[in-house]
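This is model.cif. It holds mmCIF, C-alpha atoms and all ligand atoms.
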```cif
data_work
loop_
_atom_site.label_atom_id
_atom_site.label_comp_id
_atom_site.auth_asym_id
_atom_site.auth_seq_id
_atom_site.Cartn_x
_atom_site.Cartn_y
_atom_site.Cartn_z
CA MET A 1 84.62 104.21 99.32
CA PRO A 2 84.53 101.37 99.78
CA GLU A 3 83.70 99.86 96.45
CA ARG A 4 84.00 96.33 95.22
CA PRO A 5 87.82 96.06 95.25
CA GLU A 6 87.93 97.08 98.92
CA LEU A 7 84.93 94.94 99.91
CA ASP A 8 86.25 91.89 98.02
CA TYR A 9 89.46 92.34 99.98
CA ILE A 10 88.07 92.85 103.48
CA ALA A 11 85.10 90.45 103.44
CA PRO A 12 87.23 87.26 103.43
CA ILE A 13 89.57 88.72 106.05
CA LEU A 14 86.69 89.52 108.39
CA ASP A 15 85.00 86.21 107.60
CA ALA A 16 88.10 84.25 108.62
CA ALA A 17 88.48 86.35 111.76
CA LEU A 18 84.86 86.39 112.91
CA ARG A 19 83.09 83.26 111.67
CA GLY A 20 81.85 81.27 114.66
CA GLN A 21 82.36 84.14 117.11
CA VAL A 22 79.55 84.97 119.52
CA ILE A 23 78.32 88.54 119.79
CA ASP A 24 78.27 89.61 123.43
CA ALA A 25 76.73 92.98 122.77
CA LEU A 26 75.80 95.46 120.11
CA VAL A 27 76.79 99.00 121.06
CA VAL A 28 75.18 101.77 119.05
CA ASP A 29 77.26 104.92 119.33
CA ASP A 30 75.39 106.76 116.59
CA PRO A 31 71.83 105.58 115.95
CA VAL A 32 71.59 107.62 112.72
CA VAL A 33 73.09 104.78 110.69
CA LEU A 34 70.96 101.94 112.09
CA ARG A 35 67.76 100.69 110.41
CA VAL A 36 65.97 97.81 112.13
CA ALA A 37 63.55 95.99 109.82
CA VAL A 38 62.48 93.29 112.29
CA PRO A 39 60.35 93.74 115.41
CA GLY A 40 62.19 94.08 118.68
CA ASP A 41 65.21 95.83 120.10
CA ALA A 42 68.38 95.48 118.06
CA ARG A 43 70.61 95.02 121.10
CA ALA A 44 68.42 92.25 122.51
CA LEU A 45 68.12 90.58 119.10
CA LEU A 46 71.89 90.42 118.60
CA ALA A 47 73.18 89.56 122.08
CA GLY A 48 74.37 85.96 122.25
CA ARG A 49 74.09 85.31 118.51
CA ARG A 50 76.84 83.48 116.69
CA ILE A 51 78.28 84.88 113.46
CA ARG A 52 77.78 82.46 110.57
CA GLY A 53 79.94 84.36 108.12
CA LEU A 54 80.69 87.59 106.31
CA SER A 55 80.43 88.23 102.60
CA ARG A 56 80.03 90.96 100.02
CA ARG A 57 76.74 91.47 98.22
CA GLY A 58 76.72 94.40 95.80
CA HIS A 59 78.18 97.27 97.79
CA PHE A 60 77.07 95.78 101.11
CA LEU A 61 79.03 93.84 103.67
CA LEU A 62 76.71 91.13 104.99
CA VAL A 63 77.12 89.66 108.47
CA ALA A 64 75.03 86.48 108.63
CA LEU A 65 73.90 85.46 112.12
CA GLU A 66 72.78 82.10 113.44
CA GLY A 67 69.62 81.76 115.51
CA ASP A 68 65.87 81.66 115.12
CA PRO A 69 64.80 83.58 113.20
CA PRO A 70 68.02 83.91 111.18
CA LEU A 71 69.05 87.54 110.92
CA GLU A 72 71.69 89.49 109.09
CA LEU A 73 73.37 92.83 109.30
CA ALA A 74 73.70 94.47 105.89
CA ILE A 75 76.15 97.33 106.02
CA HIS A 76 76.32 99.82 103.15
CA PRO A 77 79.38 101.97 103.84
CA MET A 78 78.58 104.63 101.18
CA LEU A 79 81.26 107.32 100.97
CA ALA A 80 83.16 107.27 104.20
CA GLY A 81 82.31 104.07 106.05
CA ARG A 82 85.18 101.94 107.32
CA PHE A 83 85.59 98.79 109.34
CA THR A 84 88.15 98.00 111.97
CA LEU A 85 88.68 94.91 114.07
CA ASP A 86 90.05 96.09 117.38
CA ALA A 87 91.84 94.23 120.12
CA PRO A 88 90.34 94.02 123.61
CA GLY A 89 90.79 97.24 125.57
CA SER A 90 91.82 99.35 122.60
CA GLY A 91 90.73 102.95 122.80
CA GLY A 92 87.73 104.36 121.08
CA THR A 93 88.13 105.49 117.51
CA ARG A 94 86.64 108.68 116.19
CA ALA A 95 83.39 108.54 114.29
CA THR A 96 82.53 105.07 115.55
CA CYS A 97 78.85 104.45 114.83
CA LEU A 98 78.37 100.88 115.84
CA ARG A 99 80.32 98.10 117.53
CA LEU A 100 79.88 94.36 117.71
CA CYS A 101 81.54 93.27 120.95
CA LEU A 102 82.69 89.69 120.57
CA GLY A 103 83.03 86.92 123.09
CA ASP A 104 86.83 87.05 122.93
CA GLY A 105 86.91 90.78 123.73
CA ARG A 106 87.56 92.07 120.24
CA GLU A 107 85.26 94.60 118.62
CA LEU A 108 84.19 94.91 115.01
CA ARG A 109 83.69 98.65 114.64
CA TYR A 110 81.89 100.48 111.90
CA ARG A 111 83.11 104.07 111.57
CA ASP A 112 81.55 106.68 109.34
CA SER A 113 82.69 110.28 109.59
CA LYS A 114 79.96 111.42 107.18
CA GLN A 115 77.16 109.29 108.68
CA MET A 116 75.98 108.55 105.15
CA GLY A 117 76.26 104.79 105.38
CA LYS A 118 73.48 102.53 106.61
CA VAL A 119 73.44 99.43 108.78
CA TYR A 120 70.30 97.33 108.30
CA LEU A 121 69.25 94.57 110.68
CA LEU A 122 66.90 92.33 108.77
CA HIS A 123 65.67 88.85 107.99
CA PRO A 124 67.27 87.50 104.78
CA ASN A 125 63.87 87.48 103.05
CA GLN A 126 63.62 91.25 103.56
CA ARG A 127 66.52 92.08 101.24
CA GLU A 128 64.18 93.34 98.54
CA SER A 129 63.13 96.17 100.83
CA VAL A 130 66.66 97.58 100.93
CA PRO A 131 67.79 99.61 97.90
CA GLY A 132 70.70 97.91 96.13
CA LEU A 133 70.53 94.74 98.20
CA GLY A 134 67.67 92.72 96.76
CA GLN A 135 68.61 92.43 93.15
CA VAL A 136 72.30 92.18 92.30
CA GLY A 137 73.33 92.26 88.65
CA VAL A 138 75.81 90.20 86.67
CA ASP A 139 79.22 89.77 88.31
CA VAL A 140 81.56 91.77 86.05
CA LEU A 141 84.51 89.54 87.02
CA SER A 142 82.71 86.28 86.20
CA PRO A 143 82.59 84.39 82.87
CA ALA A 144 78.87 85.24 82.75
CA PHE A 145 79.84 88.85 81.96
CA ASP A 146 80.50 88.26 78.29
CA PHE A 147 79.95 90.85 75.57
CA PRO A 148 76.50 89.62 74.45
CA THR A 149 75.29 89.84 78.05
CA PHE A 150 76.64 93.37 78.41
CA GLN A 151 75.20 94.39 75.05
CA ALA A 152 71.77 93.01 75.97
CA LEU A 153 71.81 95.01 79.22
CA ALA A 154 72.93 98.15 77.39
CA ASN A 155 70.22 97.79 74.75
CA LYS A 156 67.57 98.18 77.46
CA ARG A 157 68.97 101.50 78.70
CA ARG A 158 67.78 104.96 77.88
CA ASP A 159 69.90 106.73 80.50
CA GLN A 160 73.36 108.23 80.60
CA VAL A 161 76.19 105.72 80.57
CA LYS A 162 77.53 106.63 84.00
CA LEU A 163 74.11 105.89 85.55
CA PHE A 164 74.01 102.53 83.75
CA LEU A 165 77.40 101.59 85.19
CA LEU A 166 76.29 102.59 88.71
CA ASP A 167 73.13 100.44 88.59
CA LYS A 168 73.97 97.56 90.96
CA GLY A 169 70.87 95.71 89.78
CA ALA A 170 72.42 95.52 86.31
CA LEU A 171 76.14 95.21 87.06
CA ASP A 172 77.88 93.82 90.15
CA SER A 173 79.42 96.23 90.66
CA LEU A 174 80.88 99.66 90.15
CA GLY A 175 80.65 102.79 92.28
CA ASN A 176 81.56 106.34 91.37
CA ALA A 177 85.32 105.75 91.34
CA TYR A 178 85.47 102.65 89.18
CA ALA A 179 82.70 103.85 86.87
CA ASP A 180 84.83 106.93 86.13
CA GLU A 181 87.94 104.81 85.65
CA ALA A 182 86.21 102.39 83.27
CA LEU A 183 84.71 105.23 81.19
CA HIS A 184 88.12 106.88 80.94
CA ALA A 185 89.82 103.64 79.92
CA ALA A 186 87.14 103.11 77.26
CA GLY A 187 87.23 106.71 75.99
CA VAL A 188 83.51 107.20 76.63
CA HIS A 189 82.09 110.48 77.97
CA PRO A 190 80.17 109.99 81.26
CA LYS A 191 77.14 111.95 79.99
CA ALA A 192 76.79 109.97 76.75
CA ARG A 193 73.45 108.21 76.40
CA VAL A 194 73.88 104.43 76.31
CA ARG A 195 71.89 104.24 73.06
CA GLU A 196 74.34 106.68 71.41
CA LEU A 197 77.21 104.20 71.86
CA ASP A 198 78.06 102.12 68.82
CA GLU A 199 79.17 98.51 69.11
CA ALA A 200 82.86 99.44 69.08
CA ALA A 201 82.36 101.79 72.05
CA LEU A 202 80.33 99.17 73.91
CA ARG A 203 83.08 96.59 73.31
CA ARG A 204 85.71 98.99 74.64
CA LEU A 205 83.57 99.74 77.68
CA HIS A 206 82.90 96.06 78.38
CA GLN A 207 86.61 95.27 78.36
CA ALA A 208 87.43 98.41 80.37
CA ILE A 209 85.02 97.38 83.14
CA ILE A 210 86.65 93.96 83.42
CA ASP A 211 90.14 95.44 83.33
CA THR A 212 89.67 98.32 85.79
CA VAL A 213 87.74 96.37 88.41
CA GLY A 214 89.87 93.25 87.99
CA GLN A 215 93.17 95.10 88.16
CA ALA A 216 92.05 97.12 91.19
CA CYS A 217 91.01 93.95 93.04
CA ALA A 218 94.37 92.36 92.21
CA GLU A 219 96.31 95.46 93.25
CA VAL A 220 94.55 95.76 96.62
CA ALA A 221 95.04 92.03 97.25
CA ARG A 222 98.73 92.28 96.35
CA ARG A 223 99.47 95.30 98.57
CA LYS A 224 97.43 94.07 101.54
CA PRO A 225 96.55 97.42 103.17
CA PRO A 226 94.96 97.65 106.64
CA ILE A 227 91.25 96.93 106.23
CA ASP A 228 90.26 100.53 107.00
CA GLU A 229 92.62 102.04 104.45
CA LYS A 230 91.40 103.34 101.13
CA LEU A 231 93.97 102.28 98.54
CA ARG A 232 93.26 104.37 95.47
CA ASP A 233 96.61 105.89 94.45
CA PHE A 234 96.52 103.99 91.15
CA LEU A 235 93.33 105.63 89.88
CA GLU A 236 93.83 107.73 86.73
CA VAL A 237 90.97 110.27 86.82
CA ARG A 238 88.88 109.89 89.97
CA ASN A 239 89.38 112.84 92.35
CA ARG A 240 92.12 114.23 90.08
CA LYS A 241 90.42 117.41 88.87
CA GLY A 242 92.96 119.76 87.28
CA GLU A 243 95.71 117.12 87.17
CA ALA A 244 97.15 115.93 83.88
CA CYS A 245 95.50 112.92 82.26
CA PRO A 246 98.10 110.12 82.42
CA ARG A 247 97.20 109.09 78.86
CA CYS A 248 97.22 112.41 77.00
CA GLY A 249 98.24 115.22 79.38
CA GLU A 250 94.97 117.17 79.12
CA LYS A 251 93.58 118.54 82.39
CA ILE A 252 91.02 116.29 84.04
CA ARG A 253 87.60 117.87 84.55
CA VAL A 254 84.58 117.11 86.67
CA THR A 255 80.95 117.22 85.65
CA GLY A 256 77.63 116.23 87.19
CA VAL A 257 75.48 113.30 86.08
CA ARG A 258 72.13 113.26 87.91
CA GLY A 259 73.64 114.12 91.29
CA HIS A 260 76.80 112.06 90.81
CA ASP A 261 80.08 113.77 90.09
CA ALA A 262 82.07 112.35 87.20
CA PHE A 263 85.78 112.93 86.59
CA PHE A 264 86.84 112.63 82.98
CA CYS A 265 89.39 113.70 80.40
CA PRO A 266 87.85 115.91 77.70
CA ARG A 267 90.39 114.75 75.11
CA CYS A 268 90.30 110.98 75.79
CA GLN A 269 86.53 111.09 76.36
CA PRO A 270 85.18 113.52 73.77
CA ASP A 271 81.54 114.47 74.02
CA ASN A 272 80.17 114.22 70.52
CA LYS A 273 76.99 116.04 71.48
CA GLY A 274 78.75 118.92 73.18
CA ARG A 275 76.98 118.39 76.52
CA GLY A 276 78.33 120.36 79.41
CA PHE A 277 80.25 122.81 77.22
CA VAL A 278 79.06 126.23 76.22
CA ASP A 279 79.29 126.75 72.48
CA TRP A 280 79.95 130.51 72.44
CA ARG A 281 79.46 130.79 68.70
CA LYS A 282 75.93 129.39 68.93
CA ALA A 283 75.21 131.38 72.10
CA ALA A 284 76.19 134.56 70.30
CA GLU A 285 73.96 133.68 67.32
CA ALA A 286 71.04 132.96 69.61
CA GLY A 287 71.53 136.28 71.30
CA GLY A 288 71.33 138.01 67.93
ZN ZN A 301 93.32 112.09 78.33
#
```

Starting from the coordinates I provided, produce the structure as structure tokens.
Ligand SMILES: [Zn+2]
Amino acid sequence: MPERPELDYIAPILDAALRGQVIDALVVDDPVVLRVAVPGDARALLAGRRIRGLSRRGHFLLVALEGDPPLELAIHPMLAGRFTLDAPGSGGTRATCLRLCLGDGRELRYRDSKQMGKVYLLHPNQRESVPGLGQVGVDVLSPAFDFPTFQALANKRRDQVKLFLLDKGALDSLGNAYADEALHAAGVHPKARVRELDEAALRRLHQAIIDTVGQACAEVARRKPPIDEKLRDFLEVRNRKGEACPRCGEKIRVTGVRGHDAFFCPRCQPDNKGRGFVDWRKAAEAGG
């Protein structure tokens, strides 16, 4: 959280609310999240700057600032980061890490109960120095994301399919939740190697990415939650370990893929290579 459906929803809302506003002050409540890539003091650099606009880039929320030199805040909310836009005089919220106090008294607050997110203050030409911000892959909801493009990207991969889907430099963009959902919809095991997938599986996965991300964006836009709410009740496998798969009834399991957890249905997403499962017959033979 948040992933693309949430960021695509909140970025235009915050852009409409904050574009043209002047920042009176930056208040850093928890310096752990802040990374300053330009010389100088962050508070002094931001005070008096006007906000040019807010947008999503990969899994970052970008706050573009006017002034010389032009600067931007690139906020990567990771697991638990949330944004709120608070009225003047409203009480402090728990886990607030950073606040932009605006000329009209409102505050854009970044909260992060896990302190895993990062807020970078940088010059736009420094994006390459921030992981996941410099190079952003093909927009999976654009016409450019056609099957030949996806197939060409997949043909270059030697890694496990979940890692391919998480690579923001290849695909813009899926995080853990929507990668799991797309793999489930396509019937592809998260540990499968990309090169093991035949064209039919790649075609299913391509369509599943478009469908899961597109439908989630549409659902969030339709239900209009508060901007700090995580609307995920429509997900089929993510964070549903032990629950019944809505497609087949089998119990959903969780496995690890290079440090990422992956929720999947063992019946809808069979693992043809048997990874992650102990074959007791073979184990017994090996043990003599
Ligand atoms: Zn299933």

Using only C-alpha atoms and all ligand atoms, find each protein or nucleic acid residue lying at most 7 Å from ligand ZN 301 (chain A); present the set as a PyMOL selection string.
chain A and resi 245-250+265-268

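CA of Glu236 (chain A) is positioned 15.1 Å from CA of Gly214 (chain A).
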
Do a neighbour search on Asp146 (chain A) at 10 Å with all atoms listed in the file, toss out local chain neighbours closer than 4 positions, and write the hits as a ChimeraX atom specification.
/A:138,140-142,150-151,206-207,210

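The neighbours of Glu72 (chain A) here are the residues that come within 6 Å of it, using all atoms listed in the file and leaving out any residue fewer than 5 positions away in the same chain; they are Val63, Ala64, Leu65, Leu121 and Leu122 of chain A.
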
Find the smallest box with edges along x, y and z containing every listed atom of region 118-124 of chain A, then add 3 Å on each side and report centre and edge lengths in Å to one decimal, as lines of an AutoDock Vina configuration file.
```
center_x = 69.6
center_y = 95.0
center_z = 107.7
size_x = 13.8
size_y = 21.0
size_z = 11.9
```

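Closest approach to Arg19 (chain A) among A:Gly175, A:Pro124, A:Gly53, A:Gly105 is made by A:Gly53 (distances from all atoms listed in the file).
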
Gln215 (chain A) surroundings by only C-alpha atoms, 12 Å radius, close-in-sequence under 3 positions cut, as a list in words:
Arg4, Pro5, Leu141, Tyr178, Glu181, Ala182, Gln207, Ala208, Ile209, Ile210, Asp211, Thr212, Ala218, Glu219, Val220, Ala221, Arg222, Arg232, Phe234 and Leu235 of chain A

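One finds CA of Arg158 (chain A) at 15.8 Å from CA of Glu199 (chain A).
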
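Nearest to Leu34 (chain A) of all the residues A:Asp8, A:Asp167, A:Asp180, A:Asp112 is A:Asp112, based on all atoms listed in the file.
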
Write a file for region 96-116 of chain A, containing N, CA and C atoms (output as a compact mmCIF listing (two decimals), in the first residue's frame).
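Now in out14.txt:
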```
# COMPACT_ATOMS: atom_id res chain seq x y z
N THR A 96 2.64 10.59 12.17
CA THR A 96 2.97 11.60 11.18
C THR A 96 4.48 11.74 11.10
N CYS A 97 5.02 11.67 9.87
CA CYS A 97 6.46 11.77 9.67
C CYS A 97 6.86 13.15 9.19
N LEU A 98 5.99 13.72 8.38
CA LEU A 98 6.38 14.94 7.69
C LEU A 98 5.13 15.73 7.32
N ARG A 99 5.22 17.06 7.44
CA ARG A 99 4.07 17.90 7.12
C ARG A 99 4.50 19.05 6.23
N LEU A 100 3.72 19.33 5.21
CA LEU A 100 3.89 20.56 4.45
C LEU A 100 2.79 21.51 4.92
N CYS A 101 3.20 22.58 5.60
CA CYS A 101 2.23 23.56 6.10
C CYS A 101 2.03 24.60 5.00
N LEU A 102 0.78 24.74 4.57
CA LEU A 102 0.48 25.58 3.42
C LEU A 102 0.04 26.97 3.84
N GLY A 103 0.12 27.87 2.88
CA GLY A 103 -0.21 29.27 3.15
C GLY A 103 -1.61 29.46 3.67
N ASP A 104 -2.54 28.60 3.29
CA ASP A 104 -3.93 28.77 3.74
C ASP A 104 -4.21 28.03 5.05
N GLY A 105 -3.17 27.50 5.69
CA GLY A 105 -3.34 26.86 6.99
C GLY A 105 -3.49 25.35 6.94
N ARG A 106 -3.81 24.82 5.76
CA ARG A 106 -3.94 23.37 5.69
C ARG A 106 -2.56 22.70 5.74
N GLU A 107 -2.57 21.41 6.03
CA GLU A 107 -1.32 20.65 6.07
C GLU A 107 -1.46 19.39 5.24
N LEU A 108 -0.51 19.16 4.36
CA LEU A 108 -0.39 17.85 3.71
C LEU A 108 0.51 17.02 4.61
N ARG A 109 -0.05 15.96 5.16
CA ARG A 109 0.71 15.13 6.09
C ARG A 109 1.04 13.79 5.45
N TYR A 110 2.26 13.36 5.70
CA TYR A 110 2.66 12.01 5.31
C TYR A 110 2.81 11.20 6.58
N ARG A 111 2.01 10.16 6.71
CA ARG A 111 2.05 9.28 7.88
C ARG A 111 2.59 7.92 7.46
N ASP A 112 3.34 7.31 8.36
CA ASP A 112 3.92 6.01 8.03
C ASP A 112 4.20 5.26 9.33
N SER A 113 3.28 4.38 9.71
CA SER A 113 3.41 3.69 10.99
C SER A 113 4.59 2.73 11.00
N LYS A 114 5.05 2.31 9.82
CA LYS A 114 6.17 1.37 9.77
C LYS A 114 7.49 2.06 9.46
N GLN A 115 7.45 3.33 9.14
CA GLN A 115 8.65 4.12 8.80
C GLN A 115 9.47 3.45 7.71
N MET A 116 8.80 2.75 6.80
CA MET A 116 9.51 2.09 5.71
C MET A 116 9.57 2.96 4.46
```
